[in-house]
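Text of data17.tsv, listed as TSV, C-alpha atoms:
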chain	number	residue	atom	x	y	z
A	1	MET	CA	33.14	-1.05	87.99
A	2	ALA	CA	33.73	-4.55	86.84
A	3	SER	CA	29.98	-5.15	86.62
A	4	GLU	CA	29.52	-2.02	84.46
A	5	ILE	CA	32.24	-3.16	82.06
A	6	GLY	CA	30.69	-6.60	81.93
A	7	ALA	CA	27.28	-5.18	81.15
A	8	SER	CA	28.68	-3.02	78.36
A	9	GLY	CA	30.56	-5.96	76.88
A	10	ALA	CA	27.49	-8.16	77.04
A	11	SER	CA	25.49	-5.44	75.25
A	12	GLN	CA	28.05	-5.28	72.45
A	13	ILE	CA	28.10	-9.07	72.14
A	14	LEU	CA	24.30	-9.24	71.99
A	15	SER	CA	24.20	-6.43	69.41
A	16	ALA	CA	26.73	-8.21	67.22
A	17	ALA	CA	24.91	-11.51	67.61
A	18	GLN	CA	21.67	-9.97	66.26
A	19	GLN	CA	23.37	-9.16	62.94
A	20	LYS	CA	23.49	-12.36	60.87
A	21	PRO	CA	26.69	-13.32	59.10
A	22	GLY	CA	26.67	-12.20	55.46
A	23	SER	CA	23.97	-9.56	55.99
A	24	PHE	CA	24.35	-5.97	54.78
A	25	LYS	CA	23.32	-2.65	56.13
A	26	ILE	CA	21.01	-0.87	53.66
A	27	LYS	CA	22.18	2.57	52.62
A	28	THR	CA	19.69	5.40	52.37
A	29	GLY	CA	21.38	6.62	49.17
A	30	GLY	CA	20.99	3.15	47.64
A	31	ALA	CA	17.26	3.21	48.27
A	32	VAL	CA	17.03	6.48	46.38
A	33	ASP	CA	19.02	4.99	43.49
A	34	ILE	CA	16.76	1.97	43.13
A	35	ARG	CA	13.66	4.16	43.32
A	36	ARG	CA	14.99	6.23	40.45
A	37	THR	CA	15.80	3.09	38.51
A	38	LEU	CA	12.33	1.65	39.05
A	39	ASP	CA	10.82	4.96	37.97
A	40	GLN	CA	12.92	4.82	34.82
A	41	LEU	CA	11.86	1.25	34.12
A	42	GLY	CA	8.26	2.30	34.59
A	43	ALA	CA	8.80	5.06	32.05
A	44	ASP	CA	10.34	2.53	29.65
A	45	ALA	CA	7.32	0.26	30.04
A	46	ASN	CA	5.04	3.21	29.38
A	47	ARG	CA	7.01	4.02	26.20
A	48	GLN	CA	6.49	0.45	25.03
A	49	ARG	CA	2.75	0.76	25.60
A	50	ILE	CA	2.67	4.00	23.62
A	51	PHE	CA	4.58	2.44	20.74
A	52	GLN	CA	2.37	-0.65	20.74
A	53	SER	CA	-0.77	1.48	20.70
A	54	ALA	CA	0.63	3.63	17.89
A	55	LEU	CA	1.51	0.61	15.76
A	56	THR	CA	-1.96	-0.83	16.32
A	57	ARG	CA	-3.54	2.46	15.25
A	58	LEU	CA	-1.42	2.61	12.09
A	59	ARG	CA	-2.33	-0.97	11.23
A	60	GLY	CA	-6.02	-0.11	11.55
A	61	ILE	CA	-5.57	3.01	9.42
A	62	ALA	CA	-3.84	0.95	6.71
A	63	GLN	CA	-6.74	-1.53	6.75
A	64	GLY	CA	-9.29	1.27	6.54
A	65	VAL	CA	-11.02	0.36	9.80
A	66	ILE	CA	-9.68	3.38	11.70
A	67	GLN	CA	-9.84	7.01	10.66
A	68	PRO	CA	-6.82	9.13	11.67
A	69	GLU	CA	-7.65	11.62	14.39
A	70	GLN	CA	-4.35	13.08	15.53
A	71	GLU	CA	-1.69	14.79	13.45
A	72	TRP	CA	0.85	11.99	13.87
A	73	GLU	CA	-1.75	9.46	12.70
A	74	THR	CA	-2.42	11.45	9.54
A	75	ILE	CA	1.29	11.82	8.83
A	76	GLY	CA	2.16	8.23	9.73
A	77	GLY	CA	-0.78	6.84	7.80
A	78	PHE	CA	0.17	8.87	4.73
A	79	LEU	CA	3.83	7.85	4.88
A	80	GLN	CA	2.91	4.20	5.35
A	81	SER	CA	0.35	4.19	2.52
A	82	THR	CA	2.79	5.84	0.09
A	83	GLY	CA	5.77	3.61	0.85
A	84	GLN	CA	7.89	6.32	2.45
A	85	PRO	CA	10.27	5.11	5.19
A	86	PHE	CA	9.54	6.63	8.59
A	87	THR	CA	10.06	6.14	12.30
A	88	LEU	CA	7.97	6.71	15.40
A	89	GLU	CA	9.39	8.82	18.20
A	90	ILE	CA	8.23	9.97	21.63
A	91	ASP	CA	9.14	13.51	22.65
A	92	GLU	CA	10.00	14.73	26.15
A	93	LYS	CA	6.30	15.35	26.85
A	94	GLY	CA	5.41	11.75	26.03
A	95	GLN	CA	3.74	12.67	22.73
A	96	ILE	CA	4.08	10.32	19.76
A	97	LYS	CA	5.53	11.66	16.52
A	98	ALA	CA	5.81	10.16	13.03
A	99	ALA	CA	8.99	11.33	11.31
A	100	ALA	CA	9.73	10.82	7.62
A	101	GLN	CA	13.23	9.47	7.19
A	102	SER	CA	13.69	11.73	4.16
A	103	GLU	CA	13.57	14.71	6.54
A	104	SER	CA	15.89	13.20	9.14
A	105	ASP	CA	19.47	14.39	9.60
A	106	LEU	CA	20.37	10.71	10.23
A	107	GLN	CA	22.27	11.66	13.34
A	108	GLY	CA	24.67	8.98	14.54
A	109	LYS	CA	25.28	7.63	11.03
A	110	THR	CA	28.55	8.00	9.16
A	111	ALA	CA	28.67	10.03	5.96
A	112	ARG	CA	28.76	6.79	3.98
A	113	GLN	CA	25.72	5.40	5.75
A	114	GLN	CA	23.82	8.67	5.36
A	115	ALA	CA	24.51	8.75	1.62
A	116	ALA	CA	23.41	5.13	1.23
A	117	ILE	CA	20.14	5.68	3.12
A	118	ARG	CA	19.29	8.83	1.18
A	119	GLU	CA	19.95	7.05	-2.11
A	120	ALA	CA	17.72	4.17	-0.97
A	121	ILE	CA	14.92	6.63	-0.19
A	122	THR	CA	15.19	8.08	-3.71
A	123	GLN	CA	15.18	4.64	-5.33
A	124	MET	CA	12.20	3.60	-3.22
A	125	GLN	CA	10.14	6.48	-4.59
A	126	ASP	CA	10.61	5.16	-8.13
A	127	LEU	CA	9.84	1.58	-7.08
A	128	VAL	CA	6.62	2.68	-5.40
A	129	LYS	CA	5.53	4.46	-8.58
A	130	GLN	CA	6.14	1.29	-10.59
A	131	SER	CA	4.28	-0.83	-8.05
A	132	ASP	CA	1.35	1.59	-7.88
A	133	PHE	CA	1.11	1.64	-11.68
A	134	GLU	CA	0.88	-2.15	-11.77
A	135	ASP	CA	-1.74	-2.08	-9.01
A	136	THR	CA	-3.76	0.49	-10.94
A	137	LYS	CA	-3.65	-1.65	-14.07
A	138	ALA	CA	-4.69	-4.71	-12.07
A	139	ASN	CA	-7.64	-2.81	-10.59
A	140	MET	CA	-8.71	-1.67	-14.05
A	141	ARG	CA	-8.51	-5.21	-15.41
A	142	ALA	CA	-10.61	-6.38	-12.49
A	143	GLU	CA	-13.16	-3.65	-13.23
A	144	LEU	CA	-13.44	-4.77	-16.84
A	145	ALA	CA	-13.65	-8.43	-15.81
A	146	PHE	CA	-16.56	-7.65	-13.51
A	147	GLY	CA	-18.23	-5.74	-16.32
A	148	ILE	CA	-17.92	-8.72	-18.66
A	149	LEU	CA	-19.36	-10.94	-15.94
A	150	ARG	CA	-22.38	-8.65	-15.63
A	151	ILE	CA	-22.87	-8.68	-19.41
A	152	GLU	CA	-22.97	-12.48	-19.38
A	153	GLU	CA	-25.38	-12.45	-16.44
A	154	MET	CA	-27.68	-10.03	-18.26
A	155	LYS	CA	-27.71	-12.39	-21.24
A	156	ASN	CA	-29.06	-14.99	-18.81
A	157	TYR	CA	-31.91	-12.65	-17.81
A	158	SER	CA	-30.28	-10.98	-14.82
A	159	PRO	CA	-31.87	-7.50	-14.74
A	160	PRO	CA	-29.52	-4.53	-15.30
A	161	GLU	CA	-28.83	-2.51	-12.17
A	162	GLU	CA	-26.35	0.27	-12.88
A	163	TYR	CA	-26.67	2.95	-15.53
A	164	TRP	CA	-23.95	1.48	-17.76
A	165	GLU	CA	-25.68	-1.90	-17.66
A	166	ARG	CA	-29.02	-0.46	-18.77
A	167	ARG	CA	-27.31	1.52	-21.53
A	168	PHE	CA	-25.32	-1.49	-22.73
A	169	GLN	CA	-28.39	-3.68	-22.87
A	170	SER	CA	-30.53	-1.13	-24.70
A	171	LEU	CA	-27.85	-0.44	-27.34
A	172	ALA	CA	-27.22	-4.16	-27.91
A	173	GLU	CA	-30.95	-4.84	-28.28
A	174	ALA	CA	-31.17	-1.97	-30.77
A	175	GLY	CA	-28.52	-3.67	-32.91
A	176	ARG	CA	-25.92	-0.93	-32.49
A	177	PRO	CA	-22.19	-1.68	-32.09
A	178	VAL	CA	-21.45	-1.27	-28.39
A	179	LYS	CA	-18.23	-1.72	-26.45
A	180	LEU	CA	-17.44	-1.87	-22.74
A	181	ALA	CA	-14.58	0.45	-21.72
A	182	LEU	CA	-13.22	2.49	-18.82
A	183	ASP	CA	-13.07	6.25	-18.44
A	184	GLY	CA	-10.06	8.19	-17.18
A	185	GLU	CA	-10.98	7.45	-13.56
A	186	GLY	CA	-11.33	3.71	-14.11
A	187	ASN	CA	-15.13	3.64	-14.12
A	188	LYS	CA	-17.05	1.43	-16.52
A	189	VAL	CA	-18.55	3.22	-19.52
A	190	VAL	CA	-20.37	2.08	-22.64
A	191	ILE	CA	-19.33	3.28	-26.11
A	192	ASP	CA	-21.95	3.56	-28.84
A	193	GLN	CA	-19.63	3.22	-31.84
A	194	LEU	CA	-22.12	4.73	-34.27
A	195	GLU	CA	-21.61	8.01	-32.37
A	196	HIS	CA	-17.94	7.47	-31.53
A	197	ASN	CA	-14.94	9.28	-33.07
A	198	PHE	CA	-12.44	6.59	-32.01
A	199	SER	CA	-10.24	9.15	-30.28
A	200	ASP	CA	-8.94	6.33	-28.07
A	201	VAL	CA	-7.13	4.82	-31.09
A	202	GLU	CA	-3.61	6.27	-31.16
A	203	ASN	CA	-2.67	5.45	-34.74
A	204	GLY	CA	-4.20	8.02	-37.08
A	205	GLU	CA	-4.55	5.63	-40.02
A	206	ASP	CA	-6.28	3.01	-37.88
A	207	ARG	CA	-8.60	5.67	-36.53
A	208	LEU	CA	-9.63	6.67	-40.06
A	209	LYS	CA	-10.28	3.01	-40.98
A	210	LEU	CA	-12.64	2.59	-38.05
A	211	MET	CA	-14.40	5.87	-38.76
A	212	ARG	CA	-15.01	4.80	-42.37
A	213	ALA	CA	-16.27	1.42	-41.13
A	214	ARG	CA	-18.58	3.24	-38.71
A	215	ASP	CA	-20.05	5.31	-41.54
A	216	GLU	CA	-20.50	2.23	-43.74
A	217	LEU	CA	-22.28	0.33	-40.98
A	218	ARG	CA	-24.50	3.28	-40.16
A	219	SER	CA	-25.56	3.48	-43.82
A	220	ILE	CA	-26.23	-0.27	-43.97
A	221	LEU	CA	-28.30	-0.29	-40.78
A	222	ARG	CA	-30.38	2.63	-42.11
A	223	GLY	CA	-30.97	0.71	-45.34
A	224	ASP	CA	-29.17	3.26	-47.50
A	225	SER	CA	-26.61	0.72	-48.72
A	226	ILE	CA	-26.15	-3.04	-48.84
A	227	ALA	CA	-23.61	-5.33	-47.19
A	228	THR	CA	-20.74	-6.40	-49.43
A	229	GLN	CA	-17.93	-7.44	-47.06
A	230	ALA	CA	-17.58	-10.24	-44.53
A	231	TRP	CA	-17.53	-7.91	-41.56
A	232	HIS	CA	-20.71	-6.23	-42.88
A	233	PHE	CA	-22.59	-9.53	-42.73
A	234	SER	CA	-21.13	-10.38	-39.31
A	235	ALA	CA	-22.30	-7.04	-37.91
A	236	ILE	CA	-25.77	-7.41	-39.44
A	237	GLY	CA	-26.10	-10.93	-38.02
A	238	ASN	CA	-25.31	-9.76	-34.50
A	239	ALA	CA	-27.57	-6.74	-34.86
A	240	SER	CA	-30.49	-8.90	-35.99
A	241	SER	CA	-30.11	-11.33	-33.09
A	242	GLY	CA	-29.63	-8.61	-30.48
A	243	ASP	CA	-26.18	-9.88	-29.55
A	244	ASP	CA	-23.52	-7.38	-28.53
A	245	TYR	CA	-20.72	-6.61	-30.98
A	246	PHE	CA	-18.28	-3.84	-31.85
A	247	LEU	CA	-15.94	-2.82	-34.66
A	248	ASP	CA	-12.22	-3.48	-34.33
A	249	LEU	CA	-9.08	-4.06	-36.39
A	250	ASP	CA	-7.29	-7.40	-36.64
A	251	GLU	CA	-3.51	-7.80	-36.57
A	252	ALA	CA	-3.33	-7.15	-40.30
A	253	GLY	CA	-5.19	-3.88	-39.89
A	254	ASN	CA	-8.43	-5.10	-41.46
A	255	VAL	CA	-11.85	-4.22	-40.06
A	256	THR	CA	-13.40	-7.03	-38.06
A	257	VAL	CA	-16.31	-7.58	-35.69
A	258	GLN	CA	-15.67	-8.57	-32.07
A	259	ARG	CA	-17.79	-9.64	-29.11
A	260	ASN	CA	-17.29	-8.11	-25.67
A	261	THR	CA	-14.95	-10.44	-23.78
A	262	ILE	CA	-12.19	-9.73	-21.27
A	263	ASP	CA	-9.57	-10.27	-23.99
A	264	THR	CA	-11.18	-8.04	-26.59
A	265	VAL	CA	-12.03	-5.09	-24.33
A	266	THR	CA	-8.73	-4.97	-22.41
A	267	PRO	CA	-6.33	-2.51	-24.08
A	268	GLU	CA	-2.69	-3.49	-24.49
A	269	PHE	CA	-1.41	-0.88	-22.05
A	270	LEU	CA	-3.34	-2.61	-19.25
A	271	ALA	CA	-1.54	-5.91	-19.80
A	272	ALA	CA	0.15	-7.22	-16.67
A	273	ASP	CA	3.91	-6.89	-16.38
A	274	GLU	CA	4.91	-10.37	-15.25
A	275	ASP	CA	8.26	-9.14	-13.96
A	276	GLY	CA	6.75	-6.34	-11.88
A	277	PRO	CA	8.91	-3.44	-10.66
A	278	GLU	CA	12.56	-3.80	-11.65
A	279	THR	CA	14.57	-4.48	-8.51
A	280	THR	CA	18.35	-4.66	-8.32
A	281	ALA	CA	18.95	-5.47	-4.64
A	282	PRO	CA	17.37	-7.69	-1.95
A	283	TRP	CA	16.47	-4.68	0.21
A	284	GLN	CA	14.28	-3.34	-2.60
A	285	GLU	CA	12.23	-6.53	-2.70
A	286	GLU	CA	11.92	-6.52	1.10
A	287	ALA	CA	10.78	-2.89	1.18
A	288	LEU	CA	8.28	-3.46	-1.64
A	289	ALA	CA	6.88	-6.51	0.15
A	290	LEU	CA	6.28	-4.44	3.30
A	291	TYR	CA	4.76	-1.60	1.28
A	292	ASN	CA	2.40	-3.92	-0.59
A	293	ALA	CA	1.41	-5.47	2.75
A	294	GLY	CA	0.57	-2.01	4.12
A	295	LYS	CA	3.33	-2.09	6.74
A	296	GLY	CA	5.61	0.74	7.81
A	297	PHE	CA	9.38	0.49	7.67
A	298	HIS	CA	12.60	2.49	7.67
A	299	PHE	CA	16.10	2.04	6.32
A	300	ASP	CA	19.36	1.40	8.11
A	301	ALA	CA	22.84	0.89	6.72
A	302	LEU	CA	25.81	-1.24	7.68
A	303	ALA	CA	29.27	0.27	7.99
A	304	ASP	CA	30.02	-0.51	4.33
A	305	GLY	CA	26.82	1.23	3.19
A	306	THR	CA	24.77	-1.93	2.62
A	307	ILE	CA	21.09	-1.07	3.10
A	308	THR	CA	18.91	-3.03	5.48
A	309	VAL	CA	15.13	-2.72	5.79
A	310	VAL	CA	13.68	-2.51	9.29
A	311	GLU	CA	9.96	-3.09	9.75
A	312	ASN	CA	8.36	-0.72	12.24
A	313	THR	CA	7.52	-3.08	15.09
A	314	LEU	CA	7.60	-2.87	18.87
A	315	GLN	CA	10.91	-4.73	18.82
A	316	SER	CA	12.50	-2.30	16.38
A	317	MET	CA	11.13	0.70	18.27
A	318	THR	CA	12.45	-0.61	21.62
A	319	ARG	CA	15.77	-2.15	20.71
A	320	ASP	CA	17.55	-4.92	22.60
A	321	ASP	CA	20.25	-2.54	23.76
A	322	GLU	CA	17.62	-0.48	25.58
A	323	ILE	CA	16.34	-3.61	27.34
A	324	GLU	CA	19.89	-4.57	28.34
A	325	ALA	CA	20.48	-1.03	29.59
A	326	GLY	CA	17.44	-1.43	31.85
A	327	ARG	CA	18.87	-4.64	33.31
A	328	GLN	CA	22.18	-2.92	33.94
A	329	ARG	CA	20.44	-0.06	35.75
A	330	ILE	CA	18.66	-2.53	38.05
A	331	GLN	CA	21.89	-4.40	38.79
A	332	SER	CA	23.81	-1.20	39.52
A	333	ALA	CA	21.07	0.06	41.79
A	334	LEU	CA	20.99	-3.20	43.77
A	335	VAL	CA	24.75	-3.12	44.23
A	336	SER	CA	24.52	0.46	45.44
A	337	LEU	CA	21.63	-0.44	47.74
A	338	LEU	CA	23.31	-3.39	49.44
A	339	ALA	CA	26.95	-2.30	49.43
Represent the structure of the file as structure tokens.
Amino acid sequence: MASEIGASGASQILSAAQQKPGSFKIKTGGAVDIRRTLDQLGADANRQRIFQSALTRLRGIAQGVIQPEQEWETIGGFLQSTGQPFTLEIDEKGQIKAAAQSESDLQGKTARQQAAIREAITQMQDLVKQSDFEDTKANMRAELAFGILRIEEMKNYSPPEEYWERRFQSLAEAGRPVKLALDGEGNKVVIDQLEHNFSDVENGEDRLKLMRARDELRSILRGDSIATQAWHFSAIGNASSGDDYFLDLDEAGNVTVQRNTIDTVTPEFLAADEDGPETTAPWQEEALALYNAGKGFHFDALADGTITVVENTLQSMTRDDEIEAGRQRIQSALVSLLA
């Protein structure tokens, strides 16, 4: 009997000795918890990869090197190219979605924040229009500048290539008043002023002056009348030498003869606005800078309604609080596992 008790005691002592001080017995439930946590972290990592891929696609679409293929790419690319604030979301099926902030219910925001964001969206639409107008004018000025460059090159015996170049050269060589201009779509065109009605001149009196000058010059070039005014002789001199020229009005409203240069062919309404779009708050300048750089963004608002601009990046899509939540899930699972 004593030997049996001794054997049992020895067994208990040996069993206890095999468990190291400070060690814990792993719970089955804890293992399940950590597996779930790791699965969740894997899902979070997958979300980050989806967001990163989406942002890369949108960047390529903005640069014109990628053509949109999926619906969200078409929507996101359009919103980004038109300066409309938007966010990227992933639905329960893991599908990416581009959502215009103007259509969002702004859930989680106070009434004051919602009103501020919606007002910012409205103001941004007007700022984008102003910015686009300035860009359009800049593109038109560049088109005219290139045209003037080609005219100078043709004077130095560079052969004409495009239709407008051949037309310009032939009219100039024929001694006719010819002017470089742009059509309604911003394409270069050549105006033969002897056949022009000067409909592009807004002031009716100025238009009549130029039409009378056109008729006088036509008569002189045909030999039906003689030159009597300074601008007559200037036009005849250019016509005889084959140099380009066109009829215009000086600041006093008198008929004059001009050469085709970037200053003389650029209309006043295409002049650059040095101040650019009129901004009244820092967030407007930030949003315009992102828009002009072809980058997506969305608006947020502080408690007092102050607008902040958030660029659509991986960091803004996967916020710091989500990362911290992942750390907390790991820590909680480990505690549950080893408790």
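Note that the spacing between atom CA of A:Gln130 and atom CA of A:Gln101 amounts to 20.8 Å.
Using only C-alpha atoms, the nearest neighbour of A:Gly60 within the list A:Met140, A:Lys295, A:Arg118, A:Asp215 is A:Lys295.
Between atom CA of A:Phe233 and atom CA of A:Arg214 the separation is 14.0 Å.
Straight-line separation from atom CA of A:Asp135 to atom CA of A:Glu268: 15.6 Å.
Nearest to A:Ala181 of all the residues A:Ile262, A:Ala235, A:Leu106, A:Ile75 is A:Ile262, counting only C-alpha atoms.
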Checklist entry - Given the choices A:Asp200, A:Asp244, A:Glu92, A:Glu69, which gets closest to A:Gly184 if the distance is worked out from all atoms listed in the file? => result A:Asp200
Item to check | Long-range neighbours of A:Ala62 as a count of residues only, 12 Å cut-off, all atoms listed in the file, 5 positions minimum in chain | outcome: 22
Next on the checklist: Give me, as a PyMOL selection string, all polymer residues having an atom no more than 8 Å from A:Ala174, counting all atoms listed in the file and skipping those fewer than 4 positions away in the same chain.
Outcome noted: chain A and resi 170+239+242
Edge lengths and centre in Å to one decimal, as lines of an AutoDock Vina configuration file, of the axis-aligned box that encloses all listed atoms of stretch 67-82 of chain A with 4 Å added on every side?
center_x = -3.0
center_y = 9.5
center_z = 7.8
size_x = 21.7
size_y = 18.6
size_z = 23.4
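Considering the residues A:Gln169, A:Ser225, A:Ser199, A:Thr261 and counting all atoms listed in the file, A:Asp243 has its shortest atom-to-atom contact with A:Gln169.
Taking only C-alpha atoms into account, A:Met317 lies nearest to A:Thr87 out of the set A:Ser104, A:Thr87, A:Ser241, A:Gln63.
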